[in-house]
$ cat structure.txt   # compact mmCIF, C-alpha atoms
# COMPACT_ATOMS: atom_id res chain seq x y z
CA MET S 1 0.52 -50.50 2.10
CA ASN S 2 4.19 -51.37 1.53
CA ARG S 3 5.63 -53.64 -1.13
CA VAL S 4 5.76 -56.67 1.18
CA LYS S 5 2.05 -56.46 1.96
CA PHE S 6 1.22 -56.00 -1.68
CA ALA S 7 3.42 -58.98 -2.58
CA VAL S 8 1.22 -61.13 -0.34
CA VAL S 9 -1.83 -59.97 -2.30
CA ALA S 10 -0.05 -60.71 -5.56
CA MET S 11 0.87 -64.20 -4.43
CA GLY S 12 -2.71 -64.82 -3.39
CA LEU S 13 -3.79 -63.84 -6.88
CA GLY S 14 -1.21 -66.23 -8.26
CA TRP S 15 -2.64 -69.10 -6.21
CA LEU S 16 -6.13 -68.29 -7.44
CA LEU S 17 -4.93 -68.20 -11.02
CA ILE S 18 -3.33 -71.60 -10.70
CA ALA S 19 -6.31 -73.16 -8.93
CA GLY S 20 -8.62 -71.69 -11.53
CA CYS S 21 -6.43 -73.01 -14.30
CA VAL S 22 -6.49 -76.52 -12.85
CA MET S 23 -10.26 -76.48 -12.55
CA ALA S 24 -10.65 -75.03 -16.04
CA GLN S 25 -8.39 -77.71 -17.47
CA ALA S 26 -10.25 -80.37 -15.52
CA THR S 27 -13.58 -79.30 -16.98
CA ALA S 28 -12.35 -78.48 -20.50
CA GLY S 29 -14.15 -80.35 -23.23
CA GLN S 30 -17.37 -80.82 -21.30
CA SER S 31 -19.31 -78.63 -23.72
CA THR S 32 -18.04 -80.83 -26.54
CA ALA S 33 -19.17 -83.92 -24.70
CA ALA S 34 -22.63 -82.62 -23.90
CA GLU S 35 -23.50 -79.54 -25.96
CA SER S 36 -27.21 -80.21 -25.54
CA THR S 37 -26.92 -79.43 -21.82
CA ALA S 38 -25.25 -76.03 -22.24
CA ALA S 39 -28.50 -74.12 -21.75
CA THR S 40 -29.12 -75.71 -18.35
CA ALA S 41 -25.53 -75.77 -17.09
CA ALA S 42 -25.76 -72.36 -15.40
CA ALA S 43 -28.96 -73.13 -13.50
CA GLU S 44 -29.14 -75.41 -10.50
CA ILE S 45 -30.40 -78.89 -11.31
CA PRO S 46 -33.59 -80.09 -9.56
CA LEU S 47 -32.81 -82.33 -6.61
CA ASP S 48 -34.39 -85.43 -8.15
CA GLN S 49 -32.24 -85.04 -11.29
CA GLN S 50 -28.90 -84.25 -9.67
CA ALA S 51 -25.95 -86.57 -10.19
CA THR S 52 -25.21 -88.92 -7.34
CA LYS S 53 -21.99 -88.84 -5.35
CA GLU S 54 -21.19 -92.28 -6.78
CA GLN S 55 -21.50 -90.94 -10.34
CA LEU S 56 -19.31 -87.99 -9.53
CA GLY S 57 -16.78 -90.31 -7.93
CA ARG S 58 -16.50 -92.17 -11.23
CA LEU S 59 -16.30 -88.88 -13.14
CA PHE S 60 -13.49 -87.59 -10.95
CA VAL S 61 -11.57 -90.83 -11.47
CA VAL S 62 -11.70 -90.62 -15.29
CA MET S 63 -10.95 -86.86 -15.06
CA ARG S 64 -7.91 -87.66 -12.88
CA LEU S 65 -9.04 -84.88 -10.58
CA ARG S 66 -7.20 -86.21 -7.54
CA GLN S 67 -3.91 -86.37 -9.43
CA GLN S 68 -4.42 -82.80 -10.65
CA PHE S 69 -5.14 -81.49 -7.16
CA ASP S 70 -2.18 -83.44 -5.78
CA SER S 71 0.12 -81.95 -8.42
CA MET S 72 -1.22 -78.48 -7.72
CA MET S 73 -0.67 -78.78 -3.97
CA LYS S 74 2.89 -80.05 -4.49
CA ALA S 75 3.86 -77.42 -7.03
CA MET S 76 2.38 -74.27 -5.54
CA PRO S 77 4.34 -74.07 -2.25
CA GLN S 78 7.63 -74.18 -4.15
CA MET S 79 6.49 -71.46 -6.54
CA VAL S 80 5.21 -69.27 -3.73
CA GLN S 81 8.44 -69.81 -1.80
CA GLN S 82 10.43 -68.68 -4.84
CA GLN S 83 8.29 -65.56 -5.07
CA ILE S 84 8.78 -64.78 -1.39
CA HIS S 85 12.53 -65.25 -1.74
CA ALA S 86 12.67 -62.96 -4.77
CA GLN S 87 10.55 -60.35 -3.01
CA MET S 88 12.78 -60.41 0.07
CA GLN S 89 15.88 -59.96 -2.06
CA GLU S 90 14.25 -56.98 -3.76
CA GLU S 91 13.27 -55.49 -0.38
CA LEU S 92 16.84 -55.81 0.89
CA ALA S 93 18.24 -54.25 -2.25
CA ASN S 94 15.88 -51.28 -1.99
CA THR S 95 16.16 -50.71 1.78
CA PRO S 96 18.93 -48.21 2.68
CA GLY S 97 21.32 -49.63 5.23
CA ALA S 98 19.92 -53.17 5.00
CA ARG S 99 22.52 -55.89 5.34
CA LYS S 100 22.59 -58.88 3.06
CA LEU S 101 21.77 -62.14 4.81
CA THR S 102 24.70 -64.42 5.51
CA PRO S 103 24.54 -67.98 4.11
CA GLU S 104 23.73 -69.23 7.61
CA GLN S 105 20.91 -66.71 8.02
CA GLN S 106 19.58 -67.55 4.56
CA ALA S 107 19.54 -71.26 5.40
CA ALA S 108 17.76 -70.58 8.70
CA LEU S 109 15.17 -68.43 6.93
CA GLU S 110 14.53 -71.05 4.27
CA LYS S 111 14.10 -73.68 7.00
CA LEU S 112 11.53 -71.46 8.68
CA MET S 113 9.71 -70.93 5.40
CA ASP S 114 9.71 -74.69 4.74
CA LYS S 115 8.03 -75.22 8.10
CA TYR S 116 5.11 -72.98 7.22
CA MET S 117 4.86 -74.24 3.66
CA GLU S 118 4.40 -77.75 5.05
CA LYS S 119 1.71 -76.48 7.40
CA ALA S 120 0.00 -74.70 4.50
CA LYS S 121 -0.38 -78.00 2.65
CA SER S 122 -2.70 -79.31 5.37
CA ILE S 123 -4.97 -76.26 5.45
CA TYR S 124 -7.16 -77.60 2.64
CA PRO S 125 -6.58 -81.36 2.14
CA VAL S 126 -7.20 -82.90 -1.28
CA ASP S 127 -9.98 -85.15 0.07
CA GLU S 128 -11.82 -82.07 1.30
CA MET S 129 -11.24 -80.27 -2.00
CA ILE S 130 -12.77 -83.18 -3.92
CA ASP S 131 -15.72 -83.45 -1.52
CA ASP S 132 -16.43 -79.73 -1.84
CA ALA S 133 -16.14 -79.97 -5.63
CA ALA S 134 -18.62 -82.86 -5.67
CA THR S 135 -21.16 -80.83 -3.69
CA ILE S 136 -20.96 -77.98 -6.22
CA TYR S 137 -20.97 -80.29 -9.23
CA GLN S 138 -24.14 -81.92 -7.92
CA ARG S 139 -26.01 -78.63 -7.97
CA HIS S 140 -25.12 -77.94 -11.60
CA MET S 141 -24.94 -81.36 -13.29
CA SER S 142 -27.69 -83.84 -13.93
CA ARG S 143 -27.19 -87.59 -13.99
CA SER S 144 -27.33 -87.60 -17.79
CA ASP S 145 -24.74 -84.80 -17.88
CA VAL S 146 -22.30 -86.77 -15.76
CA ASP S 147 -22.83 -89.93 -17.82
CA ALA S 148 -21.95 -87.91 -20.95
CA TYR S 149 -18.84 -86.46 -19.29
CA ILE S 150 -17.71 -89.89 -18.15
CA ALA S 151 -18.12 -91.15 -21.71
CA PHE S 152 -16.10 -88.22 -23.07
CA TYR S 153 -13.21 -88.52 -20.62
CA SER S 154 -13.13 -92.27 -21.17
CA SER S 155 -12.83 -91.75 -24.92
CA PRO S 156 -9.51 -91.36 -26.78
CA PRO S 157 -9.97 -87.57 -27.26
CA GLY S 158 -10.78 -87.15 -23.58
CA GLN S 159 -7.74 -89.16 -22.56
CA ARG S 160 -5.51 -87.15 -24.91
CA LEU S 161 -6.80 -83.95 -23.31
CA LEU S 162 -5.96 -85.29 -19.86
CA ASP S 163 -2.55 -86.50 -21.07
CA ALA S 164 -1.76 -82.99 -22.33
CA GLN S 165 -2.82 -81.18 -19.15
CA PRO S 166 0.45 -81.59 -17.19
CA ALA S 167 2.45 -80.10 -20.06
CA ILE S 168 -0.09 -77.30 -20.49
CA LEU S 169 0.01 -76.44 -16.79
CA LYS S 170 3.81 -76.68 -16.70
CA GLU S 171 3.96 -73.98 -19.36
CA TYR S 172 1.05 -71.89 -18.13
CA VAL S 173 1.69 -71.70 -14.38
CA PRO S 174 5.11 -69.96 -14.55
CA MET S 175 3.67 -67.59 -17.15
CA ALA S 176 0.73 -66.74 -14.88
CA MET S 177 2.96 -66.22 -11.85
CA GLN S 178 5.31 -63.98 -13.85
CA ARG S 179 2.43 -61.92 -15.20
CA VAL S 180 1.06 -61.39 -11.68
CA GLN S 181 4.48 -60.51 -10.28
CA GLU S 182 5.29 -58.04 -13.07
CA ARG S 183 1.93 -56.32 -13.10
CA SER S 184 1.64 -56.14 -9.33
CA LYS S 185 4.66 -53.81 -9.31
CA GLN S 186 2.83 -51.25 -11.44
CA LEU S 187 -0.32 -51.69 -9.38
CA ASN S 188 1.74 -51.07 -6.27
CA VAL S 189 3.03 -47.78 -7.66
CA GLU S 190 -0.44 -46.65 -8.73
CA MET S 191 -2.01 -47.68 -5.44
CA ALA S 192 0.66 -45.89 -3.38
CA VAL S 193 -0.03 -42.66 -5.28
CA ASP S 194 -3.80 -42.96 -4.83
CA VAL S 195 -3.44 -43.79 -1.12
CA GLN S 196 -1.28 -40.74 -0.57
CA LYS S 197 -3.81 -38.57 -2.42
CA PHE S 198 -6.64 -40.01 -0.32
CA ILE S 199 -4.77 -39.39 2.95
CA ALA S 200 -4.04 -35.83 1.89
CA SER S 201 -7.69 -35.24 1.00
CA GLN S 202 -8.81 -36.33 4.47
CA ARG S 203 -6.67 -33.78 6.31
CA PRO S 204 -8.63 -30.82 7.69
CA ALA S 205 -8.17 -27.68 5.69
CA GLU S 206 -5.86 -25.15 7.30
CA ALA S 207 -7.61 -22.05 8.69
CA PRO S 208 -6.65 -18.80 6.94
CA PRO S 209 -4.32 -16.56 8.96
CA ALA S 210 -6.07 -14.10 11.26
CA ALA S 211 -6.24 -10.56 9.95
CA GLY S 212 -4.00 -8.12 11.79
CA PRO S 213 -5.23 -4.84 13.35
CA ALA S 214 -6.26 -2.23 10.88
CA THR S 215 -3.70 0.48 10.29
CA LYS S 216 -4.51 4.12 9.85
$ encode --input "structure.txt" --output "structure tokens"
Amino acid sequence: MNRVKFAVVAMGLGWLLIAGCVMAQATAGQSTAAESTAATAAAEIPLDQQATKEQLGRLFVVMRLRQQFDSMMKAMPQMVQQQIHAQMQEELANTPGARKLTPEQQAALEKLMDKYMEKAKSIYPVDEMIDDAATIYQRHMSRSDVDAYIAFYSSPPGQRLLDAQPAILKEYVPMAMQRVQERSKQLNVEMAVDVQKFIASQRPAEAPPAAGPATK
């Protein structure tokens, strides 16, 4: 696996980190709002006790979940594009005989990348993300849980937490992307060594040379 392929894996990890961060921030403080439900949070809630879609709709409004997903979807393509650009520059610098792109070629490449970044935004629309989230939330939150969460996020502490989230994410996301990018380089080196060792171990052993005729 070359560096370009591994860079794709690294960027995928970066996306997962960011998405996970958004969801973690969105659900932060729930244990404070409803500590009595912590023991049952991991288990699926019986069907007759599950929160309704209407309740979850109100919860997602006070949690500002749509705004968070919107911000995530707007920010990530630019970050991923920056990573791809940096990776390409590194590949060119480390490829013997490679020619640096002219300004015209660079502009054409960026236009091509923009095209696919725009297409990527429609792969998983925000409405679908929220609907999928609601389905999962229903299985793990009771009606009383959701009422408690709505009360928390409607309270001054809950609102302050939500107000702070954009600043928190603005600081955290570049840090997460940098960590992934830096550490993926070392992983790449280690993986290349192990792959080469594996390939070598799969080669058939060479037969020993045939013995020559006996001499007197």
$ closest_residue --input "structure.txt" --among "S:Ser142, S:Ser122, S:Thr102, S:Gln165" --to "Leu65 of chain S" --atoms "all atoms listed in the file"
S:Gln165
$ closest_residue --input "structure.txt" --among "S:Val195, S:Val62, S:Gln202, S:Pro46" --to "His140 of chain S" --atoms "only C-alpha atoms"
S:Pro46
$ closest_residue --input "structure.txt" --among "S:Met72, S:Met191, S:Thr135, S:Phe60" --to "Lys170 of chain S" --atoms "only C-alpha atoms"
S:Met72
$ residues_around --input "structure.txt" --residues "Leu56 of chain S" --least-positions-apart "2" --cutoff "12 Å" --atoms "all atoms listed in the file" --output "PDB file with C-alpha atoms, in the coordinates of the input"
ATOM      1  CA  GLN S  50     -28.900 -84.250  -9.670  1.00  0.00           C
ATOM      2  CA  ALA S  51     -25.950 -86.570 -10.190  1.00  0.00           C
ATOM      3  CA  THR S  52     -25.210 -88.920  -7.340  1.00  0.00           C
ATOM      4  CA  LYS S  53     -21.990 -88.840  -5.350  1.00  0.00           C
ATOM      5  CA  GLU S  54     -21.190 -92.280  -6.780  1.00  0.00           C
ATOM      6  CA  ARG S  58     -16.500 -92.170 -11.230  1.00  0.00           C
ATOM      7  CA  LEU S  59     -16.300 -88.880 -13.140  1.00  0.00           C
ATOM      8  CA  PHE S  60     -13.490 -87.590 -10.950  1.00  0.00           C
ATOM      9  CA  VAL S  61     -11.570 -90.830 -11.470  1.00  0.00           C
ATOM     10  CA  VAL S  62     -11.700 -90.620 -15.290  1.00  0.00           C
ATOM     11  CA  MET S  63     -10.950 -86.860 -15.060  1.00  0.00           C
ATOM     12  CA  ARG S  64      -7.910 -87.660 -12.880  1.00  0.00           C
ATOM     13  CA  LEU S  65      -9.040 -84.880 -10.580  1.00  0.00           C
ATOM     14  CA  ILE S 130     -12.770 -83.180  -3.920  1.00  0.00           C
ATOM     15  CA  ASP S 131     -15.720 -83.450  -1.520  1.00  0.00           C
ATOM     16  CA  ASP S 132     -16.430 -79.730  -1.840  1.00  0.00           C
ATOM     17  CA  ALA S 133     -16.140 -79.970  -5.630  1.00  0.00           C
ATOM     18  CA  ALA S 134     -18.620 -82.860  -5.670  1.00  0.00           C
ATOM     19  CA  THR S 135     -21.160 -80.830  -3.690  1.00  0.00           C
ATOM     20  CA  ILE S 136     -20.960 -77.980  -6.220  1.00  0.00           C
ATOM     21  CA  TYR S 137     -20.970 -80.290  -9.230  1.00  0.00           C
ATOM     22  CA  GLN S 138     -24.140 -81.920  -7.920  1.00  0.00           C
ATOM     23  CA  ARG S 139     -26.010 -78.630  -7.970  1.00  0.00           C
ATOM     24  CA  HIS S 140     -25.120 -77.940 -11.600  1.00  0.00           C
ATOM     25  CA  MET S 141     -24.940 -81.360 -13.290  1.00  0.00           C
ATOM     26  CA  SER S 142     -27.690 -83.840 -13.930  1.00  0.00           C
ATOM     27  CA  ARG S 143     -27.190 -87.590 -13.990  1.00  0.00           C
ATOM     28  CA  SER S 144     -27.330 -87.600 -17.790  1.00  0.00           C
ATOM     29  CA  ASP S 145     -24.740 -84.800 -17.880  1.00  0.00           C
ATOM     30  CA  VAL S 146     -22.300 -86.770 -15.760  1.00  0.00           C
ATOM     31  CA  ASP S 147     -22.830 -89.930 -17.820  1.00  0.00           C
ATOM     32  CA  ALA S 148     -21.950 -87.910 -20.950  1.00  0.00           C
ATOM     33  CA  TYR S 149     -18.840 -86.460 -19.290  1.00  0.00           C
ATOM     34  CA  ILE S 150     -17.710 -89.890 -18.150  1.00  0.00           C
TER      35      ILE S 150
END
$ decode --input "structure.txt" --residues "segment 87-168 of chain S" --atoms "C-alpha atoms" --output "PDB file, in the first residue's frame"
ATOM      1  CA  GLN S  87      -0.447  14.940   0.503  1.00  0.00           C
ATOM      2  CA  MET S  88      -0.116  15.562  -3.235  1.00  0.00           C
ATOM      3  CA  GLN S  89       2.601  18.137  -2.655  1.00  0.00           C
ATOM      4  CA  GLU S  90       4.470  15.642  -0.486  1.00  0.00           C
ATOM      5  CA  GLU S  91       4.094  12.925  -3.141  1.00  0.00           C
ATOM      6  CA  LEU S  92       5.500  15.230  -5.820  1.00  0.00           C
ATOM      7  CA  ALA S  93       8.406  16.229  -3.618  1.00  0.00           C
ATOM      8  CA  ASN S  94       9.282  12.592  -2.899  1.00  0.00           C
ATOM      9  CA  THR S  95       8.799  11.229  -6.430  1.00  0.00           C
ATOM     10  CA  PRO S  96      12.037  11.298  -8.485  1.00  0.00           C
ATOM     11  CA  GLY S  97      11.559  13.060 -11.791  1.00  0.00           C
ATOM     12  CA  ALA S  98       8.102  14.398 -10.908  1.00  0.00           C
ATOM     13  CA  ARG S  99       7.377  17.849 -12.274  1.00  0.00           C
ATOM     14  CA  LYS S 100       5.763  20.524 -10.177  1.00  0.00           C
ATOM     15  CA  LEU S 101       2.283  21.460 -11.342  1.00  0.00           C
ATOM     16  CA  THR S 102       1.980  24.745 -13.185  1.00  0.00           C
ATOM     17  CA  PRO S 103      -0.456  27.341 -11.778  1.00  0.00           C
ATOM     18  CA  GLU S 104      -2.892  26.447 -14.567  1.00  0.00           C
ATOM     19  CA  GLN S 105      -2.659  22.735 -13.775  1.00  0.00           C
ATOM     20  CA  GLN S 106      -3.067  23.442 -10.064  1.00  0.00           C
ATOM     21  CA  ALA S 107      -6.193  25.497 -10.722  1.00  0.00           C
ATOM     22  CA  ALA S 108      -7.630  22.760 -12.952  1.00  0.00           C
ATOM     23  CA  LEU S 109      -6.922  20.142 -10.287  1.00  0.00           C
ATOM     24  CA  GLU S 110      -8.552  22.209  -7.551  1.00  0.00           C
ATOM     25  CA  LYS S 111     -11.607  22.705  -9.773  1.00  0.00           C
ATOM     26  CA  LEU S 112     -11.836  18.948 -10.239  1.00  0.00           C
ATOM     27  CA  MET S 113     -11.511  18.385  -6.502  1.00  0.00           C
ATOM     28  CA  ASP S 114     -14.224  20.984  -5.826  1.00  0.00           C
ATOM     29  CA  LYS S 115     -16.553  19.065  -8.131  1.00  0.00           C
ATOM     30  CA  TYR S 116     -16.228  15.872  -6.122  1.00  0.00           C
ATOM     31  CA  MET S 117     -16.313  17.640  -2.775  1.00  0.00           C
ATOM     32  CA  GLU S 118     -19.682  19.102  -3.761  1.00  0.00           C
ATOM     33  CA  LYS S 119     -20.902  15.652  -4.755  1.00  0.00           C
ATOM     34  CA  ALA S 120     -19.666  14.249  -1.437  1.00  0.00           C
ATOM     35  CA  LYS S 121     -21.899  16.668   0.468  1.00  0.00           C
ATOM     36  CA  SER S 122     -25.004  15.001  -0.966  1.00  0.00           C
ATOM     37  CA  ILE S 123     -23.959  11.443  -0.129  1.00  0.00           C
ATOM     38  CA  TYR S 124     -25.428  11.655   3.379  1.00  0.00           C
ATOM     39  CA  PRO S 125     -27.854  14.615   3.666  1.00  0.00           C
ATOM     40  CA  VAL S 126     -28.409  16.246   7.048  1.00  0.00           C
ATOM     41  CA  ASP S 127     -32.111  15.299   7.072  1.00  0.00           C
ATOM     42  CA  GLU S 128     -31.133  11.648   6.697  1.00  0.00           C
ATOM     43  CA  MET S 129     -28.463  11.972   9.386  1.00  0.00           C
ATOM     44  CA  ILE S 130     -31.023  13.356  11.829  1.00  0.00           C
ATOM     45  CA  ASP S 131     -33.597  10.695  10.940  1.00  0.00           C
ATOM     46  CA  ASP S 132     -31.035   7.933  11.456  1.00  0.00           C
ATOM     47  CA  ALA S 133     -29.963   9.498  14.754  1.00  0.00           C
ATOM     48  CA  ALA S 134     -33.592   9.607  15.920  1.00  0.00           C
ATOM     49  CA  THR S 135     -34.036   5.897  15.183  1.00  0.00           C
ATOM     50  CA  ILE S 136     -30.989   5.041  17.320  1.00  0.00           C
ATOM     51  CA  TYR S 137     -31.916   7.467  20.090  1.00  0.00           C
ATOM     52  CA  GLN S 138     -35.352   5.851  20.308  1.00  0.00           C
ATOM     53  CA  ARG S 139     -33.850   2.459  21.092  1.00  0.00           C
ATOM     54  CA  HIS S 140     -31.772   3.814  23.972  1.00  0.00           C
ATOM     55  CA  MET S 141     -33.820   6.649  25.485  1.00  0.00           C
ATOM     56  CA  SER S 142     -37.111   6.503  27.299  1.00  0.00           C
ATOM     57  CA  ARG S 143     -39.701   9.256  27.214  1.00  0.00           C
ATOM     58  CA  SER S 144     -38.695  10.379  30.701  1.00  0.00           C
ATOM     59  CA  ASP S 145     -35.036  10.448  29.610  1.00  0.00           C
ATOM     60  CA  VAL S 146     -35.790  12.741  26.693  1.00  0.00           C
ATOM     61  CA  ASP S 147     -37.937  15.033  28.844  1.00  0.00           C
ATOM     62  CA  ALA S 148     -34.978  15.367  31.247  1.00  0.00           C
ATOM     63  CA  TYR S 149     -32.571  16.100  28.388  1.00  0.00           C
ATOM     64  CA  ILE S 150     -34.903  18.709  26.936  1.00  0.00           C
ATOM     65  CA  ALA S 151     -35.084  20.359  30.353  1.00  0.00           C
ATOM     66  CA  PHE S 152     -31.287  20.358  30.653  1.00  0.00           C
ATOM     67  CA  TYR S 153     -30.588  21.792  27.210  1.00  0.00           C
ATOM     68  CA  SER S 154     -33.276  24.411  27.740  1.00  0.00           C
ATOM     69  CA  SER S 155     -31.623  25.488  30.992  1.00  0.00           C
ATOM     70  CA  PRO S 156     -28.905  28.173  31.235  1.00  0.00           C
ATOM     71  CA  PRO S 157     -26.099  25.590  31.787  1.00  0.00           C
ATOM     72  CA  GLY S 158     -27.295  23.579  28.802  1.00  0.00           C
ATOM     73  CA  GLN S 159     -27.420  26.659  26.618  1.00  0.00           C
ATOM     74  CA  ARG S 160     -23.929  27.702  27.736  1.00  0.00           C
ATOM     75  CA  LEU S 161     -22.647  24.250  26.785  1.00  0.00           C
ATOM     76  CA  LEU S 162     -24.196  24.592  23.335  1.00  0.00           C
ATOM     77  CA  ASP S 163     -22.853  28.138  22.981  1.00  0.00           C
ATOM     78  CA  ALA S 164     -19.334  26.864  23.705  1.00  0.00           C
ATOM     79  CA  GLN S 165     -19.451  23.954  21.259  1.00  0.00           C
ATOM     80  CA  PRO S 166     -18.478  25.887  18.084  1.00  0.00           C
ATOM     81  CA  ALA S 167     -15.371  27.262  19.794  1.00  0.00           C
ATOM     82  CA  ILE S 168     -14.526  23.839  21.212  1.00  0.00           C
TER      83      ILE S 168
END
